[in-house]
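Q: Below you'll find the structure I mean.
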Amino acid sequence: MKKILFVTSEAYPLIKTGGLADVSASLPKALTNLSQDIRLIIPNYQSLKLAEKPIYMGTIRVDNLPVNILYSRMPGSKIPVWLVDYPDFFGHAGNPYTNEAGQSWPNNSQRFGLFCRIAVEVAMNRANLNWKPDIVHCNDWQSGLVPAYLSLEKKRPKTVFTIHNIAYQGLFPAPEAISLNIPGKLWNAQGLEFYNMLSFMKGGLVYADHITTVSPTYALEIQTPEFGYGLEGLLAFRKKQLTGILNGIDIEQWNPASDAYIKQTYDESTLELKAANKRELQTRMGLPLAEEPPLFGLISRLVRQKGIELVLDSLPELLKMPVQLIVLGSGEPFIEHRLAEFANRHPEKFALVIGYDESLAHLIEAGADIFLMPSLFEPCGLNQMYSQRYGTVPIVRKTGGLADTVIDSLPHSIADKTATGIVFKGASAGSLLEAIKRTLLLYNNPSAWKKIQINGMRKDFSWRRSAELYLDLYENL
């Protein structure tokens, strides 16, 4: 049995802004099912959704700041959670990274710098918790300083750093290194300095014993200038310590046969019942009730990375076709505004919901016929896996985890029962539209369409295999 400290800035259902939260819930659960002793550590944000009142465990002083450690558990499980409680940094309304106006907290370097320092104290068993991990597993830039600080310790745990999205690196002005009391041994071009900036991400990439990312294809892509965001040389240098392990999904939470959020449960043997969810979704979104036009769904952060501009450029032609479209998400104001303009002009075809709604997300996955995911890059992606599980055929661009999880529907892959979606390569509206047209041809062939749906529903996207790979990695360290 390994003792694993899982360091994360978000975990569902405690708090969620994106896929990191889903991974931080599912992977620890899967490791626990493999009889590992795993504990989460996360900031005690004001908006955490705790199932029970936390218990005070003690106080640690770092840079003369008194920081409380509280104990709780992941809702619905016995997995322990240690909360880093410092109200001046984490006790405000907003999400982990931005205030209620959507602006980054001006002291994010201080907030997550303190979080990393406390994680190190816990990892070194200096927090009076009577528990020392064998492995410290860090996630994205918010915990990137942990491997760096631990590299200075004797008899330290081994460290793993997972890149969930290298585009977000935790870059701050160089003077922040002074205010954070970064040791001089770490402040150089081979350490935390990145073009005269402080890079939290580099802390993980340089100092972790092993680096993982969330799909095999993305592990290769980030070693290239197109996807490496300036860190491709470092990652190529450390390629022997870099592994791509595909994320899984929570197959209990995302299960069309038992999903409490949807109108009608179903499975591959009762696929015809899926239509009831389409009617419910159309009703909820104010779209005309009709079986015939294929209903497209899109759930995403509305940012360039997700290929939303390809969708915007495709909408004039797409909305001339016999289709319906529902978009759920939030992001860049100009993208939200342009989508709203289309929705206002085409209320009979296009429904838009700005924000995030967990129940609506589940209903879209169950009620849509087709799921749009044309990301310019996608480290792993989860919605394309949810979609296949729900018999909703995904259209994806061939990149990152999308390339690793969706098999293009071509004559040979339909014949050998491996086809699960539509895959296109070009990062252009034209390529997306060609993929949509190809999808509509398949949709109008009910026999082929049902085969593609069932192939996707039969795929195993559970966390067990991925958790076993992580466990092998821990053992090898």
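Labels for the structure tokens follow display order: chains A, B, ..., residues from 1 in each chain, ligands from 1.
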Near stretch 255-270 of chain A, counting only C-alpha atoms, which residues have an atom at most 8 Å away, once you skip same-chain residues fewer than 5 positions from it, shown as a PyMOL selection string?
A: chain A and resi 276-277+280+359-360+362-363+366+389-391+454+457-458
Q: Pick out the residues sitting within 6 Å of stretch 396-411 of chain A, and hand them over as a ChimeraX atom specification; count only C-alpha atoms, and ignore anything fewer than 6 positions along from it in its own chain.
A: /A:215,217-218,373-374,377-380,419-425
Q: Using N, CA and C atoms, can you export the residues from the last selection as an mmCIF file, in the first residue's frame?
A:
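The result, stored in selection-v6.cif:
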```cif
data_model
loop_
_atom_site.group_PDB
_atom_site.id
_atom_site.type_symbol
_atom_site.label_atom_id
_atom_site.label_comp_id
_atom_site.auth_asym_id
_atom_site.auth_seq_id
_atom_site.Cartn_x
_atom_site.Cartn_y
_atom_site.Cartn_z
ATOM 1 N N SER A 215 -3.021 12.432 -21.637
ATOM 2 C CA SER A 215 -3.249 11.531 -22.767
ATOM 3 C C SER A 215 -1.916 11.276 -23.453
ATOM 4 N N THR A 217 -1.185 11.160 -26.691
ATOM 5 C CA THR A 217 -0.946 12.081 -27.803
ATOM 6 C C THR A 217 -0.514 13.455 -27.297
ATOM 7 N N TYR A 218 -1.153 13.947 -26.231
ATOM 8 C CA TYR A 218 -0.771 15.258 -25.689
ATOM 9 C C TYR A 218 0.659 15.237 -25.156
ATOM 10 N N MET A 373 -17.098 19.083 -30.477
ATOM 11 C CA MET A 373 -15.893 19.302 -29.673
ATOM 12 C C MET A 373 -14.705 19.551 -30.612
ATOM 13 N N PRO A 374 -14.692 20.722 -31.279
ATOM 14 C CA PRO A 374 -13.677 20.978 -32.308
ATOM 15 C C PRO A 374 -12.421 21.682 -31.774
ATOM 16 N N PHE A 377 -6.655 22.515 -29.380
ATOM 17 C CA PHE A 377 -5.878 21.494 -28.678
ATOM 18 C C PHE A 377 -6.683 21.051 -27.469
ATOM 19 N N GLU A 378 -6.469 19.827 -27.051
ATOM 20 C CA GLU A 378 -7.256 19.256 -25.960
ATOM 21 C C GLU A 378 -6.403 18.218 -25.241
ATOM 22 N N PRO A 379 -5.837 18.581 -24.078
ATOM 23 C CA PRO A 379 -4.964 17.637 -23.379
ATOM 24 C C PRO A 379 -5.587 16.252 -23.235
ATOM 25 N N CYS A 380 -6.802 16.193 -22.759
ATOM 26 C CA CYS A 380 -7.527 14.919 -22.709
ATOM 27 C C CYS A 380 -8.955 15.123 -23.170
ATOM 28 N N ALA A 419 -15.907 2.088 -34.917
ATOM 29 C CA ALA A 419 -16.250 3.499 -35.131
ATOM 30 C C ALA A 419 -17.073 4.039 -33.967
ATOM 31 N N THR A 420 -16.674 5.217 -33.430
ATOM 32 C CA THR A 420 -17.420 5.804 -32.308
ATOM 33 C C THR A 420 -17.723 7.285 -32.486
ATOM 34 N N GLY A 421 -17.277 7.912 -33.579
ATOM 35 C CA GLY A 421 -17.528 9.337 -33.764
ATOM 36 C C GLY A 421 -17.020 9.804 -35.107
ATOM 37 N N ILE A 422 -16.933 11.120 -35.243
ATOM 38 C CA ILE A 422 -16.435 11.737 -36.468
ATOM 39 C C ILE A 422 -15.189 12.537 -36.109
ATOM 40 N N VAL A 423 -14.101 12.306 -36.830
ATOM 41 C CA VAL A 423 -12.820 12.959 -36.541
ATOM 42 C C VAL A 423 -12.386 13.755 -37.764
ATOM 43 N N PHE A 424 -11.983 15.021 -37.556
ATOM 44 C CA PHE A 424 -11.452 15.828 -38.655
ATOM 45 C C PHE A 424 -10.125 16.437 -38.222
ATOM 46 N N LYS A 425 -9.312 16.872 -39.189
ATOM 47 C CA LYS A 425 -7.946 17.313 -38.873
ATOM 48 C C LYS A 425 -7.772 18.829 -38.911
#
```
Q: Write out as a PyMOL selection string all residues of stretch 159-271 of chain A that DSSP puts in alpha helix (DSSP H) for this structure's backbone.
A: chain A and resi 176-179+200-207+216-221+225-228+232-237
Q: If we count only C-alpha atoms, what is near stretch 148-156 of chain A at a cut-off of 7 Å, once residues fewer than 4 positions away on the same chain are taken out, given as a list in words?
A: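 Near neighbours after the sequence-gap exclusion: Val120, Met124, Gly203, Gly204 and Tyr207 of chain A.
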Q: Rounded to one decimal, what separation in Å do you get between atom CA of A:Leu298 and atom CA of A:Glu365?
A: 9.0 Å
Q: Between stretch 5-41 of chain A and stretch 96-109 of chain A, at 12 Å or less, what are the per-residue closest atom pairs and their distances in Å? Count only C-alpha atoms, order by chain and rising residue number, and return it as a tab-separated table.
A:
```
residue	atom	partner	partner_atom	distance
A:Thr8	CA	A:Pro96	CA	10.9
A:Ser9	CA	A:Pro96	CA	7.2
A:Glu10	CA	A:Pro96	CA	7.5
A:Ala11	CA	A:Pro96	CA	10.9
A:Leu14	CA	A:Pro96	CA	11.3
A:Ile15	CA	A:Pro96	CA	8.3
A:Lys16	CA	A:Pro96	CA	8.6
A:Thr17	CA	A:Pro96	CA	8.1
A:Gly18	CA	A:Pro96	CA	11.1
A:Ala21	CA	A:Pro96	CA	11.2
```
Q: Take the residues from that selection and put them in a file with N, CA and C atoms, as a PDB file, in the first residue's frame.
A:
```
ATOM      1  N   THR A   8      -4.223  19.449  -5.025  1.00  0.00           N
ATOM      2  CA  THR A   8      -5.044  19.984  -6.110  1.00  0.00           C
ATOM      3  C   THR A   8      -5.720  21.284  -5.693  1.00  0.00           C
ATOM      4  N   SER A   9      -6.018  22.117  -6.666  1.00  0.00           N
ATOM      5  CA  SER A   9      -6.693  23.394  -6.389  1.00  0.00           C
ATOM      6  C   SER A   9      -8.197  23.291  -6.535  1.00  0.00           C
ATOM      7  N   GLU A  10      -8.702  22.146  -7.015  1.00  0.00           N
ATOM      8  CA  GLU A  10     -10.148  21.953  -7.113  1.00  0.00           C
ATOM      9  C   GLU A  10     -10.460  20.466  -7.204  1.00  0.00           C
ATOM     10  N   ALA A  11     -11.633  20.097  -6.718  1.00  0.00           N
ATOM     11  CA  ALA A  11     -12.066  18.698  -6.757  1.00  0.00           C
ATOM     12  C   ALA A  11     -13.588  18.670  -6.659  1.00  0.00           C
ATOM     13  N   LEU A  14     -16.550  19.305  -4.300  1.00  0.00           N
ATOM     14  CA  LEU A  14     -16.176  20.392  -3.387  1.00  0.00           C
ATOM     15  C   LEU A  14     -16.194  21.733  -4.101  1.00  0.00           C
ATOM     16  N   ILE A  15     -15.519  21.780  -5.252  1.00  0.00           N
ATOM     17  CA  ILE A  15     -15.495  22.998  -6.071  1.00  0.00           C
ATOM     18  C   ILE A  15     -15.000  22.616  -7.452  1.00  0.00           C
ATOM     19  N   LYS A  16     -15.561  23.244  -8.482  1.00  0.00           N
ATOM     20  CA  LYS A  16     -15.217  22.863  -9.851  1.00  0.00           C
ATOM     21  C   LYS A  16     -15.224  24.061 -10.774  1.00  0.00           C
ATOM     22  N   THR A  17     -14.146  24.203 -11.570  1.00  0.00           N
ATOM     23  CA  THR A  17     -14.163  25.148 -12.692  1.00  0.00           C
ATOM     24  C   THR A  17     -13.920  24.425 -14.012  1.00  0.00           C
ATOM     25  N   GLY A  18     -13.368  23.204 -13.953  1.00  0.00           N
ATOM     26  CA  GLY A  18     -13.074  22.488 -15.187  1.00  0.00           C
ATOM     27  C   GLY A  18     -12.738  21.035 -14.933  1.00  0.00           C
ATOM     28  N   ALA A  21     -11.094  19.302 -11.714  1.00  0.00           N
ATOM     29  CA  ALA A  21     -11.937  18.928 -10.572  1.00  0.00           C
ATOM     30  C   ALA A  21     -12.467  17.507 -10.721  1.00  0.00           C
TER      31      ALA A  21
END
```
Q: With only C-alpha atoms as the atoms that count, which of A:Leu114, A:Leu205, A:Ile335, A:Val84 lies nearest to A:Leu231?
A: A:Leu205
Q: Point out the residue among A:Arg279, A:Leu180, A:Asn128, A:Ile251 with the least atom-to-atom distance to A:Lys29, counting only C-alpha atoms.
A: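 For A:Lys29, the nearest of the given residues is A:Ile251.
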Q: Measuring atom to atom with only C-alpha atoms, identify which of A:Asn125, A:Asn44, A:Ser77, A:Ser431 is nearest to A:His92.
A: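 Of all the options, A:Asn44 lies closest to A:His92.
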Q: Go ahead and compute the interatomic distance for atom CA of A:Asn64 and atom CA of A:Ser179, in Å to one decimal.
A: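 For atom CA of A:Asn64 relative to atom CA of A:Ser179, the distance reads 13.2 Å.
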Q: Can you pull out every residue within 10 Å of A:Ile364, counting only C-alpha atoms, but drop anything in the same chain fewer than 3 positions away, and send it as a ChimeraX atom specification?
A: /A:262,277-278,280-282,295-299,326-328,358-361,367-371,387,390,392
Q: Compile the contact shell of A:Gly191 as a PyMOL selection string: residues with an atom at most 12 Å away, counting only C-alpha atoms, same-chain residues fewer than 4 positions apart removed.
A: chain A and resi 144-145+147-149+151+177+182-187+195-208+234
